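Source file: model.cif. Holds: mmCIF, C-alpha atoms.
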data_work
#
loop_
_atom_site.label_atom_id
_atom_site.label_comp_id
_atom_site.auth_asym_id
_atom_site.auth_seq_id
_atom_site.Cartn_x
_atom_site.Cartn_y
_atom_site.Cartn_z
CA MET A 19 37.57 -67.23 -165.04
CA LEU A 20 35.69 -67.65 -161.75
CA ASN A 21 33.38 -70.64 -161.47
CA VAL A 22 30.51 -69.37 -159.31
CA ASP A 23 28.64 -72.68 -159.42
CA ALA A 24 31.60 -74.49 -157.79
CA ALA A 25 32.04 -71.81 -155.08
CA ASP A 26 28.37 -71.83 -154.03
CA PRO A 27 28.48 -75.09 -151.95
CA TRP A 28 31.68 -73.97 -150.18
CA ALA A 29 30.17 -70.61 -149.30
CA SER A 30 27.11 -72.37 -147.89
CA VAL A 31 29.26 -74.66 -145.74
CA ALA A 32 31.38 -71.74 -144.47
CA GLY A 33 28.28 -69.67 -143.67
CA GLY A 34 26.67 -72.59 -141.81
CA ALA A 35 29.86 -73.23 -139.81
CA ALA A 36 30.13 -69.54 -138.89
CA GLY A 37 26.48 -69.56 -137.76
CA LEU A 38 27.02 -72.63 -135.55
CA ILE A 39 30.14 -71.14 -133.99
CA GLY A 40 28.27 -67.91 -133.29
CA LEU A 41 25.41 -69.86 -131.70
CA ALA A 42 27.84 -71.83 -129.51
CA VAL A 43 29.60 -68.66 -128.31
CA THR A 44 26.25 -67.01 -127.55
CA LEU A 45 25.00 -70.01 -125.56
CA TYR A 46 28.25 -70.16 -123.59
CA ALA A 47 28.00 -66.45 -122.76
CA LEU A 48 24.39 -66.82 -121.61
CA LEU A 49 24.56 -70.17 -119.83
CA GLY A 50 28.23 -70.52 -118.95
CA PRO A 51 29.76 -69.91 -115.52
CA ALA A 52 29.08 -66.49 -114.09
CA PRO A 53 32.08 -64.32 -113.29
CA SER A 54 32.92 -64.15 -109.62
CA THR A 55 31.60 -61.03 -107.92
CA THR A 56 32.97 -61.97 -104.53
CA PRO A 57 35.99 -59.92 -103.54
CA SER A 58 39.17 -61.52 -102.33
CA VAL A 59 39.09 -62.22 -98.58
CA THR A 60 42.42 -63.00 -96.90
CA ALA A 61 43.44 -63.43 -93.25
CA SER A 62 47.18 -64.10 -93.06
CA GLY A 63 48.37 -62.93 -89.62
CA THR A 64 48.38 -65.02 -86.46
CA ARG A 65 44.84 -65.09 -85.05
CA SER A 66 43.66 -62.67 -87.74
CA VAL A 67 40.05 -62.64 -88.95
CA ALA A 68 38.72 -61.41 -92.30
CA ALA A 69 35.16 -61.58 -93.58
CA GLY A 70 33.67 -60.51 -96.89
CA GLY A 71 30.55 -59.31 -95.11
CA SER A 72 29.67 -58.12 -91.63
CA ILE A 73 31.14 -59.54 -88.41
CA GLY A 74 28.96 -59.71 -85.31
CA SER A 75 31.44 -60.64 -82.58
CA VAL A 76 35.12 -61.66 -82.64
CA ALA A 77 37.61 -62.52 -79.88
CA THR A 78 41.21 -63.41 -80.80
CA GLY A 79 43.00 -63.16 -77.44
CA ASP A 80 43.57 -65.89 -74.83
CA GLY A 81 40.59 -65.85 -72.48
CA ALA A 82 39.19 -62.75 -74.17
CA THR A 83 35.53 -62.47 -74.97
CA ALA A 84 33.96 -60.04 -77.36
CA GLY A 85 30.80 -58.37 -76.23
CA PRO A 86 27.51 -59.29 -77.79
CA PRO A 87 26.82 -57.85 -81.19
CA PRO A 88 24.60 -54.77 -81.21
CA THR A 89 20.91 -55.49 -80.80
CA MET A 90 19.61 -52.33 -82.43
CA PRO A 91 18.16 -52.66 -85.92
CA THR A 92 20.85 -52.62 -88.53
CA PRO A 93 20.64 -52.08 -92.26
CA PRO A 94 21.00 -55.15 -94.45
CA PRO A 95 24.60 -56.28 -94.83
CA ARG A 96 26.40 -54.74 -97.75
CA PRO A 97 28.91 -56.76 -99.72
CA ALA A 98 32.54 -55.76 -99.80
CA SER A 99 33.41 -53.56 -102.72
CA GLY A 100 37.06 -54.56 -102.86
CA PRO A 101 39.56 -56.95 -101.35
CA VAL A 102 39.32 -57.54 -97.59
CA THR A 103 42.66 -58.28 -95.95
CA ALA A 104 43.63 -58.80 -92.30
CA SER A 105 47.40 -59.25 -92.40
CA GLY A 106 48.80 -58.32 -88.99
CA GLU A 107 48.78 -60.37 -85.82
CA ARG A 108 45.23 -60.43 -84.36
CA SER A 109 43.98 -58.04 -87.02
CA VAL A 110 40.31 -57.95 -87.95
CA ALA A 111 38.92 -56.79 -91.29
CA ALA A 112 35.41 -56.90 -92.69
CA GLY A 113 33.80 -55.91 -95.93
CA GLY A 114 30.75 -54.85 -93.93
CA ASP A 115 30.10 -53.73 -90.38
CA ILE A 116 31.92 -54.98 -87.27
CA GLY A 117 29.83 -55.32 -84.09
CA SER A 118 32.25 -56.20 -81.29
CA VAL A 119 35.95 -57.14 -81.32
CA SER A 120 38.43 -58.09 -78.60
CA THR A 121 42.01 -58.76 -79.72
CA GLY A 122 43.90 -58.63 -76.41
CA ASP A 123 44.54 -61.34 -73.84
CA ASP A 124 42.37 -61.38 -70.71
CA ALA A 125 44.76 -61.00 -67.80
#
Could you express the structure from this file as structure tokens?
Amino acid sequence: MLNVDAADPWASVAGGAAGLIGLAVTLYALLGPAPSTTPSVTASGTRSVAAGGSIGSVATGDGATAGPPPTMPTPPPRPASGPVTASGERSVAAGGDIGSVSTGDDA
């Protein structure tokens, strides 16, 4: 025969423990660390440049100078939607706009 009076305290303890665990998981989900929304940005080649956003002016060559970035009004920078990778020698990659780039050597 089932003794309901003896099971009642155990059921209360189990229900209370489940409620506390649920509360802890909810608080962690709300207040815990936010997932990273920044895409992977990698520059692995010699003198390569990678940026998750826009690049105004870049020069990677010896004695080279990149021109000034454009002065006309530009839209607000947009974040990269995926990984940004510059993997070749003197390569340039941006998740946004690129204003001016010079990758050669000034002779």
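Note on the selection: in this file the PyMOL selection byres ((chain A and resi 101) around 7) comes out as A:Pro57, A:Ser58, A:Val59, A:Gly100, A:Val102, A:Thr103.
This file gives the following result for the PyMOL selection byres ((chain A and resi 112) around 9): Val59, Val67, Ala68, Ala69, Gly70, Gly71, Ser72, Ile73, Ala98, Val102, Thr103, Ala104, Val110, Ala111, Gly113, Gly114, Asp115 and Ile116 of chain A.
Nearest residue to Ser118 in chain A, choosing from A:Thr83, A:Ser105, A:Ser75, A:Ser62 and counting all atoms listed in the file: A:Ser75.
The coordinates place CA of Thr64 in chain A at 11.2 Å from CA of Thr121 in chain A.
With distances taken over all atoms listed in the file, A:Arg65 is the one residue among A:Arg65, A:Gly81, A:Leu45, A:Val76 lying closest to Arg108 in chain A.
Closest approach to Gly79 in chain A among A:Gly50, A:Gly117, A:Gly40, A:Gly122: A:Gly122, based on all atoms listed in the file.
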Notebook entry, point to check: CA of Ala82 in chain A and CA of Asp123 in chain A are how many Å apart?
Noted result: 5.5 Å
Margin query: Between CA of Ala84 in chain A and CA of Glu107 in chain A, what distance in Å does the model show, to one decimal?
Written below: 17.1 Å
Box time for range 108-123 of chain A: axis-aligned, enclosing all its listed atoms, 5 Å extra on each side; report centre and edge lengths in Å to one decimal, as JSON.
{"center_x": 37.5, "center_y": -57.5, "center_z": -84.9, "size_x": 25.4, "size_y": 17.6, "size_z": 32.1}
